[in-house]
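Asker: My structure file my_file-v3.txt, compact mmCIF, N, CA and C atoms, is below:
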# COMPACT_ATOMS: atom_id res chain seq x y z
N MET A 5 39.97 -37.81 22.27
CA MET A 5 39.62 -36.45 21.90
C MET A 5 38.86 -35.76 23.03
N PHE A 6 37.91 -36.46 23.64
CA PHE A 6 37.13 -35.82 24.68
C PHE A 6 37.40 -36.43 26.05
N GLY A 7 38.52 -37.10 26.20
CA GLY A 7 38.89 -37.64 27.50
C GLY A 7 39.40 -36.54 28.40
N ARG A 8 39.61 -36.88 29.64
CA ARG A 8 40.12 -35.90 30.59
C ARG A 8 41.58 -35.61 30.31
N THR A 9 41.94 -34.37 30.41
CA THR A 9 43.34 -34.00 30.24
C THR A 9 44.03 -34.04 31.59
N LYS A 10 45.28 -34.38 31.57
CA LYS A 10 46.04 -34.45 32.80
C LYS A 10 46.54 -33.07 33.18
N LYS A 11 46.57 -32.81 34.46
CA LYS A 11 47.01 -31.53 34.97
C LYS A 11 48.48 -31.30 34.65
N LYS A 12 48.78 -30.07 34.20
CA LYS A 12 50.16 -29.69 33.94
C LYS A 12 50.91 -29.63 35.26
N ALA A 13 52.13 -30.09 35.24
CA ALA A 13 52.96 -30.01 36.44
C ALA A 13 53.48 -28.58 36.59
N GLY A 14 53.38 -28.06 37.81
CA GLY A 14 54.02 -26.80 38.12
C GLY A 14 53.34 -25.53 37.67
N GLY A 15 52.06 -25.52 37.51
CA GLY A 15 51.42 -24.27 37.14
C GLY A 15 49.93 -24.42 36.97
N PRO A 16 49.25 -23.31 36.76
CA PRO A 16 47.80 -23.35 36.58
C PRO A 16 47.43 -23.99 35.24
N ARG A 17 46.25 -24.53 35.19
CA ARG A 17 45.71 -25.07 33.95
C ARG A 17 45.43 -23.91 32.99
N THR A 18 45.46 -24.20 31.70
CA THR A 18 45.19 -23.18 30.69
C THR A 18 44.02 -23.61 29.82
N VAL A 19 43.04 -22.74 29.73
CA VAL A 19 41.88 -22.95 28.87
C VAL A 19 42.00 -22.00 27.70
N THR A 20 41.86 -22.53 26.50
CA THR A 20 41.94 -21.72 25.29
C THR A 20 40.59 -21.76 24.57
N LEU A 21 40.07 -20.57 24.28
CA LEU A 21 38.84 -20.46 23.49
C LEU A 21 39.25 -20.08 22.08
N ILE A 22 38.85 -20.90 21.13
CA ILE A 22 39.10 -20.61 19.71
C ILE A 22 37.76 -20.21 19.11
N GLY A 23 37.70 -18.99 18.63
CA GLY A 23 36.45 -18.48 18.09
C GLY A 23 36.69 -17.40 17.07
N LYS A 24 35.68 -16.58 16.87
CA LYS A 24 35.80 -15.45 15.95
C LYS A 24 34.87 -14.34 16.40
N PRO A 25 35.19 -13.11 16.00
CA PRO A 25 34.33 -11.97 16.35
C PRO A 25 32.93 -12.15 15.78
N GLY A 26 31.93 -11.71 16.53
CA GLY A 26 30.55 -11.74 16.05
C GLY A 26 29.87 -13.09 16.19
N CYS A 27 30.49 -14.03 16.83
CA CYS A 27 29.94 -15.37 17.00
C CYS A 27 29.22 -15.43 18.35
N HIS A 28 27.89 -15.58 18.32
CA HIS A 28 27.14 -15.59 19.58
C HIS A 28 27.46 -16.81 20.43
N LEU A 29 27.76 -17.95 19.81
CA LEU A 29 28.16 -19.12 20.59
C LEU A 29 29.50 -18.89 21.27
N CYS A 30 30.38 -18.14 20.60
CA CYS A 30 31.68 -17.80 21.20
C CYS A 30 31.48 -16.87 22.40
N ASP A 31 30.54 -15.94 22.28
CA ASP A 31 30.24 -15.05 23.39
C ASP A 31 29.74 -15.84 24.60
N ASP A 32 28.85 -16.82 24.34
CA ASP A 32 28.34 -17.66 25.43
C ASP A 32 29.46 -18.48 26.06
N ALA A 33 30.32 -19.06 25.23
CA ALA A 33 31.43 -19.87 25.72
C ALA A 33 32.39 -19.03 26.56
N ARG A 34 32.65 -17.82 26.12
CA ARG A 34 33.57 -16.91 26.83
C ARG A 34 33.08 -16.67 28.26
N GLU A 35 31.79 -16.46 28.42
CA GLU A 35 31.24 -16.19 29.76
C GLU A 35 31.39 -17.41 30.67
N VAL A 36 31.11 -18.59 30.14
CA VAL A 36 31.26 -19.81 30.94
C VAL A 36 32.71 -20.02 31.32
N ILE A 37 33.60 -19.85 30.36
CA ILE A 37 35.04 -20.04 30.61
C ILE A 37 35.53 -19.03 31.64
N ARG A 38 35.14 -17.80 31.48
CA ARG A 38 35.55 -16.75 32.43
C ARG A 38 35.12 -17.11 33.85
N GLU A 39 33.90 -17.55 34.01
CA GLU A 39 33.36 -17.90 35.33
C GLU A 39 34.09 -19.11 35.93
N VAL A 40 34.24 -20.18 35.15
CA VAL A 40 34.87 -21.40 35.65
C VAL A 40 36.34 -21.16 35.97
N CYS A 41 37.04 -20.41 35.13
CA CYS A 41 38.45 -20.14 35.39
C CYS A 41 38.63 -19.29 36.65
N ALA A 42 37.72 -18.36 36.88
CA ALA A 42 37.79 -17.55 38.10
C ALA A 42 37.60 -18.43 39.33
N GLU A 43 36.73 -19.41 39.24
CA GLU A 43 36.47 -20.32 40.37
C GLU A 43 37.63 -21.27 40.63
N THR A 44 38.27 -21.74 39.55
CA THR A 44 39.27 -22.80 39.67
C THR A 44 40.71 -22.31 39.71
N GLY A 45 40.92 -21.05 39.36
CA GLY A 45 42.27 -20.52 39.32
C GLY A 45 42.99 -20.80 38.01
N ALA A 46 42.29 -21.37 37.06
CA ALA A 46 42.88 -21.62 35.74
C ALA A 46 43.03 -20.30 35.00
N VAL A 47 43.96 -20.24 34.10
CA VAL A 47 44.11 -19.07 33.24
C VAL A 47 43.42 -19.39 31.91
N TRP A 48 43.00 -18.33 31.22
CA TRP A 48 42.39 -18.57 29.93
C TRP A 48 42.86 -17.55 28.92
N GLU A 49 42.80 -17.96 27.67
CA GLU A 49 43.21 -17.12 26.55
C GLU A 49 42.21 -17.33 25.42
N GLU A 50 42.25 -16.41 24.49
CA GLU A 50 41.34 -16.51 23.35
C GLU A 50 42.13 -16.34 22.07
N LYS A 51 41.81 -17.17 21.08
CA LYS A 51 42.46 -17.09 19.78
C LYS A 51 41.40 -16.91 18.71
N ASP A 52 41.69 -16.00 17.79
CA ASP A 52 40.77 -15.66 16.70
C ASP A 52 41.07 -16.57 15.51
N ILE A 53 40.10 -17.38 15.15
CA ILE A 53 40.28 -18.32 14.06
C ILE A 53 40.53 -17.62 12.72
N LEU A 54 40.09 -16.38 12.61
CA LEU A 54 40.29 -15.63 11.36
C LEU A 54 41.71 -15.11 11.23
N GLN A 55 42.47 -15.13 12.31
CA GLN A 55 43.85 -14.61 12.30
C GLN A 55 44.90 -15.72 12.22
N ASP A 56 44.47 -16.98 12.14
CA ASP A 56 45.40 -18.10 12.17
C ASP A 56 44.93 -19.17 11.18
N ALA A 57 45.64 -19.32 10.08
CA ALA A 57 45.23 -20.26 9.02
C ALA A 57 45.18 -21.70 9.51
N GLU A 58 46.10 -22.08 10.38
CA GLU A 58 46.13 -23.45 10.90
C GLU A 58 44.90 -23.73 11.76
N LEU A 59 44.57 -22.79 12.66
CA LEU A 59 43.37 -22.96 13.49
C LEU A 59 42.12 -22.97 12.62
N HIS A 60 42.08 -22.11 11.62
CA HIS A 60 40.94 -22.03 10.71
C HIS A 60 40.73 -23.38 10.02
N SER A 61 41.80 -23.95 9.51
CA SER A 61 41.72 -25.23 8.82
C SER A 61 41.26 -26.34 9.75
N ALA A 62 41.77 -26.35 10.96
CA ALA A 62 41.49 -27.43 11.90
C ALA A 62 40.10 -27.35 12.53
N TYR A 63 39.61 -26.12 12.79
CA TYR A 63 38.43 -25.99 13.64
C TYR A 63 37.26 -25.20 13.05
N TRP A 64 37.33 -24.76 11.81
CA TRP A 64 36.34 -23.85 11.26
C TRP A 64 34.90 -24.30 11.50
N GLU A 65 34.61 -25.56 11.33
CA GLU A 65 33.23 -26.04 11.44
C GLU A 65 32.81 -26.33 12.87
N GLN A 66 33.71 -26.14 13.83
CA GLN A 66 33.40 -26.50 15.21
C GLN A 66 33.32 -25.31 16.16
N ILE A 67 33.65 -24.11 15.73
CA ILE A 67 33.76 -23.01 16.69
C ILE A 67 32.44 -22.74 17.38
N PRO A 68 32.52 -22.34 18.64
CA PRO A 68 33.73 -22.19 19.43
C PRO A 68 34.30 -23.54 19.87
N VAL A 69 35.61 -23.59 19.92
CA VAL A 69 36.32 -24.78 20.37
C VAL A 69 37.04 -24.41 21.67
N VAL A 70 37.02 -25.32 22.62
CA VAL A 70 37.70 -25.10 23.90
C VAL A 70 38.78 -26.16 24.07
N LEU A 71 39.99 -25.69 24.34
CA LEU A 71 41.11 -26.57 24.64
C LEU A 71 41.44 -26.45 26.12
N VAL A 72 41.85 -27.53 26.73
CA VAL A 72 42.36 -27.51 28.09
C VAL A 72 43.79 -28.01 28.00
N ASP A 73 44.72 -27.16 28.37
CA ASP A 73 46.15 -27.47 28.28
C ASP A 73 46.52 -27.97 26.89
N GLY A 74 45.94 -27.36 25.87
CA GLY A 74 46.29 -27.65 24.49
C GLY A 74 45.56 -28.81 23.85
N GLU A 75 44.73 -29.51 24.60
CA GLU A 75 43.97 -30.63 24.06
C GLU A 75 42.50 -30.27 23.96
N GLN A 76 41.86 -30.68 22.85
CA GLN A 76 40.46 -30.31 22.66
C GLN A 76 39.59 -30.89 23.76
N HIS A 77 38.82 -30.02 24.37
CA HIS A 77 37.90 -30.39 25.45
C HIS A 77 36.47 -30.50 24.91
N THR A 78 36.04 -29.51 24.15
CA THR A 78 34.68 -29.50 23.63
C THR A 78 34.57 -28.50 22.48
N PHE A 79 33.40 -28.46 21.87
CA PHE A 79 33.11 -27.45 20.85
C PHE A 79 31.62 -27.14 20.86
N TRP A 80 31.27 -26.02 20.24
CA TRP A 80 29.92 -25.48 20.12
C TRP A 80 29.36 -24.97 21.43
N LYS A 81 29.14 -25.82 22.41
CA LYS A 81 28.54 -25.39 23.67
C LYS A 81 29.42 -25.86 24.83
N VAL A 82 29.70 -24.95 25.74
CA VAL A 82 30.56 -25.28 26.88
C VAL A 82 29.69 -25.56 28.10
N ASP A 83 29.86 -26.74 28.66
CA ASP A 83 29.15 -27.12 29.88
C ASP A 83 30.04 -26.75 31.07
N ALA A 84 29.57 -25.85 31.92
CA ALA A 84 30.38 -25.36 33.04
C ALA A 84 30.82 -26.49 33.97
N GLY A 85 29.92 -27.40 34.29
CA GLY A 85 30.27 -28.50 35.18
C GLY A 85 31.33 -29.41 34.60
N ARG A 86 31.20 -29.72 33.33
CA ARG A 86 32.18 -30.59 32.67
C ARG A 86 33.54 -29.91 32.61
N LEU A 87 33.57 -28.62 32.31
CA LEU A 87 34.83 -27.89 32.26
C LEU A 87 35.45 -27.83 33.65
N ARG A 88 34.65 -27.56 34.63
CA ARG A 88 35.14 -27.50 36.03
C ARG A 88 35.77 -28.83 36.43
N ARG A 89 35.11 -29.93 36.11
CA ARG A 89 35.64 -31.26 36.43
C ARG A 89 36.95 -31.53 35.71
N ALA A 90 37.05 -31.12 34.47
CA ALA A 90 38.28 -31.32 33.70
C ALA A 90 39.44 -30.55 34.31
N LEU A 91 39.16 -29.39 34.87
CA LEU A 91 40.21 -28.57 35.45
C LEU A 91 40.63 -29.06 36.85
N GLU A 92 39.77 -29.85 37.48
CA GLU A 92 40.08 -30.35 38.81
C GLU A 92 40.92 -31.61 38.79
N VAL A 93 41.07 -32.25 37.65
CA VAL A 93 41.82 -33.51 37.53
C VAL A 93 43.28 -33.26 37.80
Please re-express this file's structure in structure tokens.
Answerer:
Amino acid sequence: MFGRTKKKAGGPRTVTLIGKPGCHLCDDAREVIREVCAETGAVWEEKDILQDAELHSAYWEQIPVVLVDGEQHTFWKVDAGRLRRALEV
């Protein structure tokens, strides 16, 4: 679950933030993700847990959740160094 993800062949890494509007932890995570992705060249996207029943069911108690290339990287608090290292693999 929290192991390193392998780099996708043939393209930039993708970081996904799963959160919801009005979540201060999501706001904090967004800033860290934005900064690290700008440094590493990774792309990032954001998904609203309130707009997706499957995401809501899977992650409601953990938001914000961060995925790297579709695999869960962390939740609640994003550590910039750890995310940077995961993207460099």
Asker: Would you compute the distance between CA of Val72 (chain A) and CA of Ala90 (chain A)? Give it in Å to one decimal.
Answerer: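 About the pair CA of Val72 (chain A) and CA of Ala90 (chain A): they are 7.9 Å apart.
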Asker: Between CA of Cys30 (chain A) and CA of Gly15 (chain A), what is the distance, to one decimal in Å?
Answerer: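 CA of Gly15 (chain A) lies at a distance of 26.2 Å from CA of Cys30 (chain A).
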Asker: To one decimal place in Å, what is the distance between CA of Asp83 (chain A) and CA of Lys51 (chain A)?
Answerer: 19.5 Å
Asker: Show me the residues close to (41.0, -14.8, 18.7) - anything with an atom within 6 Å, counting only N, CA and C atoms - and format the list as a list in words.
Answerer: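 The residues near that point, listed by chain and number, are Gly23, Lys24, Glu50, Lys51, Asp52 and Ile53 of chain A.
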Asker: Write down as a ChimeraX atom specification the residues of chain A whose backbone DSSP state falls under alpha helix (DSSP H).
Answerer: /A:28-44,57-63,84-92
Asker: Give the answer as one residue: which of A:Glu49, A:Gly74, A:Arg89, A:Glu58 has the shortest atom-to-atom distance to Ile22 (chain A), using only N, CA and C atoms?
Answerer: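 Answer, going by the shortest atom-to-atom distance: A:Glu49.
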Asker: Nearest to Pro16 (chain A): which of A:Arg88, A:Trp48, A:Pro68, A:Trp80 is it, counting only C-alpha atoms?
Answerer: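 The closest residue to Pro16 (chain A) is A:Trp48.
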Asker: Of the residues A:Ala42, A:Ala62, A:Ile37, A:Asp56, which is the one nearest to Val82 (chain A), using all atoms listed in the file?
Answerer: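 Using all atoms listed in the file, the shortest distance to Val82 (chain A) belongs to A:Ile37.
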Asker: Report as a ChimeraX atom specification: the residues of chain A with a DSSP assignment of strand (DSSP E), based on the backbone of this structure.
Answerer: /A:18-23,47-52,69-72,75-79
Asker: Would you please work out which residue, of A:Val70, A:Glu39, A:Leu91, A:Leu59, is nearest to Arg17 (chain A) when using all atoms listed in the file?
Answerer: A:Leu91
Asker: Taking into account only C-alpha atoms, which residue in the set A:Ser61, A:Lys81, A:Gln76, A:Cys41 is nearest to His28 (chain A)?
Answerer: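 So, comparing all the options, the nearest one is A:Lys81.
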